[in-house]
Amino acid sequence: MNTNEQAAARRNERLALLALAGMAVGWGYNWVVMKSVLAYVGPFDFSALRTLFGALLLLAVLTVWRRPMRIRAWGRVALLGVLQTGAFSALIQVALLHGGAGKTSILVYTMPFWVIPMAWVAFGERVRGLQWLALALAALGLILILEPWTLHADFMSELLAVSAGLCWALATIVAKWIKRDYPMDALPLTAWQMLFGALALCLAAWVVPEKPIDPAPYFYGALVYNAVIATALAWFLWLFALQHLSAGVAGMSALGVPVVGVLAGWLQLGEQPGALELAGMVLIGVALVVISLRSSAGK
């Protein structure tokens with residue numbers, strides 16, 4: 001590699017790190033947006049609209065960039081969409097009806113800990129070393145946040161958030177299943193699975209009765225934010241970062257999303273966590289760092 005190529009590589013690496021920071025802020029702050037918009041629209045209606053617009057925007061980007069849109073394994077892609085976009089999005093929005101934005105984001109990001117035992121069963125990926133420590137820390141943190149011995153008012157909301165993390169984990173296993181047998185580009189796969197999930201959410205929104213949509217400016221702003229920033233732009237930043245950084249370094253950036261969610265919920269919505277909740281969040285955060293370090297070391 002000559003001097004010009006080295007300089008270009010360093011420049012791209014710096015841009016990739018900035019892209020990851022932008023992605024973390026865009027996705028992290030969206031927890032506050034998704035919580036606040038529920039004053040104007042029901043959870044199923046908003047989930048259907050934001051994912052449908054996001055999917056159509058990604059398909060438009062593929063068309064403009066003249067990227068291949070053909071995919072295989074339609075049944076598996078549809079299953080991925082129902083899990084990752086459909087069930088995942090709906091569970092998050094319903095959880096946010098009575099749960100805090102910051103706490104919900106932390107509970108949803110327990111996904112990596114559910115993936116570990118699932119991958120063991122599905123693909124024979126054994127749990128090793130620091131993964132056991134991460135699972136133990138996450139389990140303790142989860143207990144402190146849920147406080148199952150109190151049966152407080154938002155307990156069901158917390159269970160829905162954990163269920164969203166479980167759906168995300170199942171979707172991750174399905175995505176690995178697709179990648180193993182039918183390798184395909186990430187962007188068209190993301191667009192098509194999102195479209196399948198959005199159609200499932202449209203059906204759910206049609207079946208489940210909800211309050212009428214209040215066409216307030218915030219409602220439209222939240223839709224634009226979700227379709228443009230939290231979907232199209234954030235996914236573009238993520239894919240750009242993956243091209244110029246190791247997967248381990250990029251994976252560490254995902255830790256910034258729930259951190260931004262907690263801080264934004266605290267500052268904008270006044271969601272100050274209690275002592276046990278804060279301790280649980282810290283333990284889950286440490287467990288996520290351990291998992292990321294383990295993944296980075298394995299690259």
# chains A, B, ... in the order shown; residues from 1 in each chain; ligands from 1
$ residues_around --residues "Phe44 of chain A" --least-positions-apart "3" --cutoff "9 Å" --atoms "only C-alpha atoms" --output "list in words"
Val41, Ser47, Ala48, Leu49, Ser89, Ala90, Gln93, Val94, Leu201, Cys202, Ala204, Ala205, Trp206, Val208 and Glu210 of chain A
$ residues_around --residues "Arg50 of chain A" --least-positions-apart "3" --cutoff "12 Å" --atoms "only C-alpha atoms" --output "VMD selection string"
chain A and resid 30 33 to 34 37 41 43 to 47 53 to 57 85 to 86 89 to 90 93 194 to 195 197 to 199 201 to 202 219 to 232
$ residues_around --residues "Ile178 of chain A" --least-positions-apart "2" --cutoff "12 Å" --atoms "only C-alpha atoms" --output "ChimeraX atom specification"
/A:71-80,171-176,180-186,189,193
$ closest_residue --among "A:Trp168, A:Trp120, A:Trp266, A:Phe236" --to "Leu62 of chain A" --atoms "only C-alpha atoms"
A:Phe236
$ closest_residue --among "A:Val262, A:Ile143, A:Val64, A:Thr3" --to "Trp31 of chain A" --atoms "only C-alpha atoms"
A:Val262
$ atom_distance --atom1 "atom CA of Ala164 of chain A" --atom2 "atom CA of Ala216 of chain A"
28.1 Å
$ closest_residue --among "A:Ser105, A:Ser163, A:Thr190, A:Ser157" --to "Gly256 of chain A" --atoms "only C-alpha atoms"
A:Ser105
$ select_by_dssp --residues "segment 74-128 of chain A" --states "alpha helix (DSSP H)" --output "PyMOL selection string"
chain A and resi 74-81+88-98+101-108+111-123
$ write_last_selection --atoms "C-alpha atoms" --output "PDB file, in the first residue's frame"
ATOM      1  CA  TRP A  74     -38.205 -15.759  -0.158  1.00  0.00           C
ATOM      2  CA  GLY A  75     -39.743 -17.865   2.593  1.00  0.00           C
ATOM      3  CA  ARG A  76     -36.798 -17.291   4.920  1.00  0.00           C
ATOM      4  CA  VAL A  77     -36.669 -13.584   4.064  1.00  0.00           C
ATOM      5  CA  ALA A  78     -40.385 -13.284   4.830  1.00  0.00           C
ATOM      6  CA  LEU A  79     -39.840 -15.045   8.178  1.00  0.00           C
ATOM      7  CA  LEU A  80     -36.954 -12.668   8.907  1.00  0.00           C
ATOM      8  CA  GLY A  81     -39.189  -9.696   8.133  1.00  0.00           C
ATOM      9  CA  PHE A  88     -39.887  -6.559  16.940  1.00  0.00           C
ATOM     10  CA  SER A  89     -41.307  -3.139  16.000  1.00  0.00           C
ATOM     11  CA  ALA A  90     -44.778  -3.848  17.377  1.00  0.00           C
ATOM     12  CA  LEU A  91     -43.475  -5.134  20.719  1.00  0.00           C
ATOM     13  CA  ILE A  92     -41.242  -2.072  21.109  1.00  0.00           C
ATOM     14  CA  GLN A  93     -44.070   0.379  20.447  1.00  0.00           C
ATOM     15  CA  VAL A  94     -46.497  -1.383  22.797  1.00  0.00           C
ATOM     16  CA  ALA A  95     -43.785  -1.563  25.473  1.00  0.00           C
ATOM     17  CA  LEU A  96     -43.229   2.196  25.115  1.00  0.00           C
ATOM     18  CA  LEU A  97     -46.908   2.899  25.891  1.00  0.00           C
ATOM     19  CA  HIS A  98     -46.237   2.477  29.618  1.00  0.00           C
ATOM     20  CA  ALA A 101     -37.676   5.091  26.534  1.00  0.00           C
ATOM     21  CA  GLY A 102     -34.295   4.549  28.219  1.00  0.00           C
ATOM     22  CA  LYS A 103     -35.246   1.424  30.155  1.00  0.00           C
ATOM     23  CA  THR A 104     -36.964  -0.095  27.109  1.00  0.00           C
ATOM     24  CA  SER A 105     -33.871   0.464  24.969  1.00  0.00           C
ATOM     25  CA  ILE A 106     -31.670  -1.284  27.534  1.00  0.00           C
ATOM     26  CA  LEU A 107     -34.019  -4.275  27.822  1.00  0.00           C
ATOM     27  CA  VAL A 108     -34.318  -4.626  24.043  1.00  0.00           C
ATOM     28  CA  MET A 111     -30.627  -9.406  22.346  1.00  0.00           C
ATOM     29  CA  PRO A 112     -26.957 -10.572  22.189  1.00  0.00           C
ATOM     30  CA  PHE A 113     -27.433 -12.655  25.336  1.00  0.00           C
ATOM     31  CA  TRP A 114     -30.409 -14.519  23.853  1.00  0.00           C
ATOM     32  CA  VAL A 115     -28.478 -15.131  20.625  1.00  0.00           C
ATOM     33  CA  ILE A 116     -25.692 -17.024  22.437  1.00  0.00           C
ATOM     34  CA  PRO A 117     -27.784 -20.034  23.619  1.00  0.00           C
ATOM     35  CA  MET A 118     -29.871 -19.956  20.415  1.00  0.00           C
ATOM     36  CA  ALA A 119     -26.747 -20.163  18.252  1.00  0.00           C
ATOM     37  CA  TRP A 120     -25.558 -23.048  20.436  1.00  0.00           C
ATOM     38  CA  VAL A 121     -28.755 -24.992  19.695  1.00  0.00           C
ATOM     39  CA  ALA A 122     -29.111 -23.982  16.022  1.00  0.00           C
ATOM     40  CA  PHE A 123     -25.505 -23.991  14.814  1.00  0.00           C
TER      41      PHE A 123
END
$ closest_residue --among "A:Val32, A:Ala138, A:Ala7, A:Leu15" --to "Gly265 of chain A" --atoms "only C-alpha atoms"
A:Val32
$ closest_residue --among "A:Leu52, A:Leu159, A:Leu288, A:Ile213" --to "Tyr109 of chain A" --atoms "only C-alpha atoms"
A:Leu288
$ atom_distance --atom1 "atom CA of Tyr29 of chain A" --atom2 "atom CA of Val162 of chain A"
19.5 Å
$ residues_around --residues "segment 16-27 of chain A" --least-positions-apart "4" --cutoff "6 Å" --atoms "only C-alpha atoms" --output "ChimeraX atom specification"
/A:12,230,234,237,241,256-257
$ atom_distance --atom1 "atom CA of Pro188 of chain A" --atom2 "atom CA of Glu13 of chain A"
24.6 Å
